[in-house]
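Engineer: The structure is given below, and queries will be raised subsequently.
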Amino acid sequence: MTSRPALLAVCALAWITSSAVYLYPGVKEEVDEKRYLHRVEKLHTPVLPLECGRARGVENRDFIREDRHSDRCWVTIANLQFALPGDR
């Protein structure tokens, strides 16, 4: 038989592990978003609003999705050229 403290430790470890696995994608997305915002702020790069359907590239690297309006994205002027029709 196992002792009560050992059983509690195993249950706590299982709960922590399952919580980490469940929360990882959301936390990773937030970290990627903050890195993008930091990079834009550091370079003083102006950003423009754009429909996410027209945005090209990798999200949180080339453009960022707005939290409140998931259909609106923000793109830097350097990456805007890939979103305009007729360029590709």
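The chains in the structure tokens are called A, B, ... from first to last as shown; in each chain the residues are counted from 1, and the ligands are counted from 1 in the order shown.
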In chain A, what's alpha helix (DSSP H) per DSSP? Answer as number ranges by chain?

Structural biologist: A: 4-43, 77-80

Engineer: What's around stretch 27-43 of chain A at 7 Å? Count only C-alpha atoms, leave out sequence neighbours fewer than 4 positions away in its own chain, and write the answer as a list in words.

Structural biologist: Leu23, Asn60, Arg61 and Ile64 of chain A

Engineer: Looking only at strand (DSSP E or B) from DSSP on the backbone, list the matching residues of stretch 18-76 of chain A as a PDB file with all heavy atoms, in the first residue's frame.

Structural biologist:
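The resulting result_22.pdb:
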ATOM      1  N   VAL A  47       2.128  50.243 -38.040  1.00  0.00           N
ATOM      2  CA  VAL A  47       1.295  49.115 -38.446  1.00  0.00           C
ATOM      3  C   VAL A  47      -0.037  49.641 -38.977  1.00  0.00           C
ATOM      4  O   VAL A  47      -0.488  50.718 -38.606  1.00  0.00           O
ATOM      5  CB  VAL A  47       1.045  48.125 -37.287  1.00  0.00           C
ATOM      6  CG1 VAL A  47       2.321  47.414 -36.910  1.00  0.00           C
ATOM      7  CG2 VAL A  47       0.462  48.820 -36.087  1.00  0.00           C
ATOM      8  N   LEU A  48      -0.639  48.868 -39.852  1.00  0.00           N
ATOM      9  CA  LEU A  48      -1.904  49.235 -40.471  1.00  0.00           C
ATOM     10  C   LEU A  48      -2.922  48.128 -40.258  1.00  0.00           C
ATOM     11  O   LEU A  48      -2.567  46.949 -40.254  1.00  0.00           O
ATOM     12  CB  LEU A  48      -1.705  49.447 -41.971  1.00  0.00           C
ATOM     13  CG  LEU A  48      -0.710  50.537 -42.363  1.00  0.00           C
ATOM     14  CD1 LEU A  48      -0.412  50.471 -43.843  1.00  0.00           C
ATOM     15  CD2 LEU A  48      -1.260  51.887 -41.989  1.00  0.00           C
ATOM     16  N   PRO A  49      -4.209  48.478 -40.102  1.00  0.00           N
ATOM     17  CA  PRO A  49      -5.240  47.445 -39.970  1.00  0.00           C
ATOM     18  C   PRO A  49      -5.516  46.797 -41.321  1.00  0.00           C
ATOM     19  O   PRO A  49      -5.410  47.436 -42.364  1.00  0.00           O
ATOM     20  CB  PRO A  49      -6.457  48.217 -39.457  1.00  0.00           C
ATOM     21  CG  PRO A  49      -6.257  49.600 -39.969  1.00  0.00           C
ATOM     22  CD  PRO A  49      -4.766  49.821 -39.989  1.00  0.00           C
ATOM     23  N   LEU A  50      -5.858  45.529 -41.272  1.00  0.00           N
ATOM     24  CA  LEU A  50      -6.115  44.767 -42.486  1.00  0.00           C
ATOM     25  C   LEU A  50      -7.044  43.623 -42.143  1.00  0.00           C
ATOM     26  O   LEU A  50      -7.000  43.094 -41.032  1.00  0.00           O
ATOM     27  CB  LEU A  50      -4.786  44.216 -43.029  1.00  0.00           C
ATOM     28  CG  LEU A  50      -4.795  43.418 -44.308  1.00  0.00           C
ATOM     29  CD1 LEU A  50      -5.078  44.339 -45.491  1.00  0.00           C
ATOM     30  CD2 LEU A  50      -3.457  42.751 -44.512  1.00  0.00           C
ATOM     31  N   GLU A  51      -7.896  43.223 -43.085  1.00  0.00           N
ATOM     32  CA  GLU A  51      -8.727  42.034 -42.876  1.00  0.00           C
ATOM     33  C   GLU A  51      -7.800  40.824 -42.808  1.00  0.00           C
ATOM     34  O   GLU A  51      -6.896  40.685 -43.623  1.00  0.00           O
ATOM     35  CB  GLU A  51      -9.712  41.868 -44.025  1.00  0.00           C
ATOM     36  CG  GLU A  51     -10.749  42.948 -44.127  1.00  0.00           C
ATOM     37  CD  GLU A  51     -11.610  42.751 -45.361  1.00  0.00           C
ATOM     38  OE1 GLU A  51     -11.677  41.623 -45.879  1.00  0.00           O
ATOM     39  OE2 GLU A  51     -12.199  43.737 -45.801  1.00  0.00           O
ATOM     40  N   GLU A  59       1.236  34.157 -38.774  1.00  0.00           N
ATOM     41  CA  GLU A  59       0.643  34.965 -37.713  1.00  0.00           C
ATOM     42  C   GLU A  59       1.628  35.116 -36.561  1.00  0.00           C
ATOM     43  O   GLU A  59       2.361  34.191 -36.230  1.00  0.00           O
ATOM     44  CB  GLU A  59      -0.646  34.315 -37.215  1.00  0.00           C
ATOM     45  CG  GLU A  59      -1.410  35.177 -36.257  1.00  0.00           C
ATOM     46  CD  GLU A  59      -2.787  34.635 -35.924  1.00  0.00           C
ATOM     47  OE1 GLU A  59      -3.233  33.675 -36.566  1.00  0.00           O
ATOM     48  OE2 GLU A  59      -3.400  35.174 -34.995  1.00  0.00           O
ATOM     49  N   PHE A  63       2.138  39.277 -39.225  1.00  0.00           N
ATOM     50  CA  PHE A  63       0.962  40.063 -38.861  1.00  0.00           C
ATOM     51  C   PHE A  63       0.449  39.550 -37.529  1.00  0.00           C
ATOM     52  O   PHE A  63       0.850  38.494 -37.068  1.00  0.00           O
ATOM     53  CB  PHE A  63      -0.136  39.978 -39.934  1.00  0.00           C
ATOM     54  CG  PHE A  63      -0.708  38.592 -40.106  1.00  0.00           C
ATOM     55  CD1 PHE A  63      -1.835  38.209 -39.407  1.00  0.00           C
ATOM     56  CD2 PHE A  63      -0.131  37.690 -40.970  1.00  0.00           C
ATOM     57  CE1 PHE A  63      -2.364  36.943 -39.555  1.00  0.00           C
ATOM     58  CE2 PHE A  63      -0.654  36.420 -41.132  1.00  0.00           C
ATOM     59  CZ  PHE A  63      -1.776  36.049 -40.425  1.00  0.00           C
ATOM     60  N   ILE A  64      -0.429  40.343 -36.910  1.00  0.00           N
ATOM     61  CA  ILE A  64      -0.971  39.953 -35.612  1.00  0.00           C
ATOM     62  C   ILE A  64      -2.481  40.146 -35.631  1.00  0.00           C
ATOM     63  O   ILE A  64      -2.985  41.108 -36.187  1.00  0.00           O
ATOM     64  CB  ILE A  64      -0.315  40.748 -34.469  1.00  0.00           C
ATOM     65  CG1 ILE A  64      -0.700  40.179 -33.131  1.00  0.00           C
ATOM     66  CG2 ILE A  64      -0.636  42.208 -34.557  1.00  0.00           C
ATOM     67  CD1 ILE A  64       0.137  40.687 -31.993  1.00  0.00           C
ATOM     68  N   ARG A  65      -3.196  39.196 -35.049  1.00  0.00           N
ATOM     69  CA  ARG A  65      -4.655  39.241 -34.981  1.00  0.00           C
ATOM     70  C   ARG A  65      -5.080  40.057 -33.768  1.00  0.00           C
ATOM     71  O   ARG A  65      -4.519  39.910 -32.689  1.00  0.00           O
ATOM     72  CB  ARG A  65      -5.207  37.812 -34.872  1.00  0.00           C
ATOM     73  CG  ARG A  65      -6.704  37.709 -34.980  1.00  0.00           C
ATOM     74  CD  ARG A  65      -7.127  36.251 -34.985  1.00  0.00           C
ATOM     75  NE  ARG A  65      -6.497  35.495 -36.051  1.00  0.00           N
ATOM     76  CZ  ARG A  65      -7.022  35.342 -37.270  1.00  0.00           C
ATOM     77  NH1 ARG A  65      -8.161  35.894 -37.562  1.00  0.00           N
ATOM     78  NH2 ARG A  65      -6.398  34.626 -38.178  1.00  0.00           N
ATOM     79  N   ARG A  72      -9.906  41.238 -37.700  1.00  0.00           N
ATOM     80  CA  ARG A  72      -9.016  42.362 -38.005  1.00  0.00           C
ATOM     81  C   ARG A  72      -7.600  42.014 -37.572  1.00  0.00           C
ATOM     82  O   ARG A  72      -7.362  41.535 -36.477  1.00  0.00           O
ATOM     83  CB  ARG A  72      -9.457  43.625 -37.283  1.00  0.00           C
ATOM     84  CG  ARG A  72      -8.617  44.832 -37.694  1.00  0.00           C
ATOM     85  CD  ARG A  72      -8.923  46.087 -36.937  1.00  0.00           C
ATOM     86  NE  ARG A  72     -10.349  46.382 -36.945  1.00  0.00           N
ATOM     87  CZ  ARG A  72     -10.914  47.254 -36.125  1.00  0.00           C
ATOM     88  NH1 ARG A  72     -10.187  47.893 -35.228  1.00  0.00           N
ATOM     89  NH2 ARG A  72     -12.199  47.483 -36.169  1.00  0.00           N
ATOM     90  N   CYS A  73      -6.663  42.259 -38.479  1.00  0.00           N
ATOM     91  CA  CYS A  73      -5.254  42.016 -38.194  1.00  0.00           C
ATOM     92  C   CYS A  73      -4.478  43.314 -38.362  1.00  0.00           C
ATOM     93  O   CYS A  73      -4.948  44.257 -38.990  1.00  0.00           O
ATOM     94  CB  CYS A  73      -4.688  40.970 -39.153  1.00  0.00           C
ATOM     95  SG  CYS A  73      -5.281  39.311 -38.816  1.00  0.00           S
ATOM     96  N   TRP A  74      -3.283  43.336 -37.808  1.00  0.00           N
ATOM     97  CA  TRP A  74      -2.388  44.469 -37.930  1.00  0.00           C
ATOM     98  C   TRP A  74      -1.125  43.985 -38.624  1.00  0.00           C
ATOM     99  O   TRP A  74      -0.560  42.964 -38.274  1.00  0.00           O
ATOM    100  CB  TRP A  74      -2.060  45.045 -36.560  1.00  0.00           C
ATOM    101  CG  TRP A  74      -3.258  45.645 -35.910  1.00  0.00           C
ATOM    102  CD1 TRP A  74      -4.140  45.014 -35.092  1.00  0.00           C
ATOM    103  CD2 TRP A  74      -3.744  46.971 -36.069  1.00  0.00           C
ATOM    104  NE1 TRP A  74      -5.147  45.874 -34.724  1.00  0.00           N
ATOM    105  CE2 TRP A  74      -4.923  47.093 -35.300  1.00  0.00           C
ATOM    106  CE3 TRP A  74      -3.296  48.081 -36.772  1.00  0.00           C
ATOM    107  CZ2 TRP A  74      -5.649  48.266 -35.233  1.00  0.00           C
ATOM    108  CZ3 TRP A  74      -4.019  49.253 -36.688  1.00  0.00           C
ATOM    109  CH2 TRP A  74      -5.176  49.341 -35.932  1.00  0.00           C
ATOM    110  N   VAL A  75      -0.709  44.731 -39.630  1.00  0.00           N
ATOM    111  CA  VAL A  75       0.441  44.326 -40.434  1.00  0.00           C
ATOM    112  C   VAL A  75       1.383  45.520 -40.571  1.00  0.00           C
ATOM    113  O   VAL A  75       0.944  46.668 -40.634  1.00  0.00           O
ATOM    114  CB  VAL A  75      -0.022  43.791 -41.812  1.00  0.00           C
ATOM    115  CG1 VAL A  75      -0.717  44.859 -42.622  1.00  0.00           C
ATOM    116  CG2 VAL A  75       1.118  43.194 -42.588  1.00  0.00           C
ATOM    117  N   THR A  76       2.687  45.244 -40.587  1.00  0.00           N
ATOM    118  CA  THR A  76       3.657  46.318 -40.796  1.00  0.00           C
ATOM    119  C   THR A  76       3.661  46.716 -42.266  1.00  0.00           C
ATOM    120  O   THR A  76       3.248  45.944 -43.133  1.00  0.00           O
ATOM    121  CB  THR A  76       5.073  45.877 -40.382  1.00  0.00           C
ATOM    122  OG1 THR A  76       5.469  44.784 -41.203  1.00  0.00           O
ATOM    123  CG2 THR A  76       5.124  45.492 -38.920  1.00  0.00           C
TER     124      THR A  76
END

Engineer: State, in Å with one decimal place, the distance from atom CA of A:Val58 to atom CA of A:Ser19.

Structural biologist: 27.4 Å
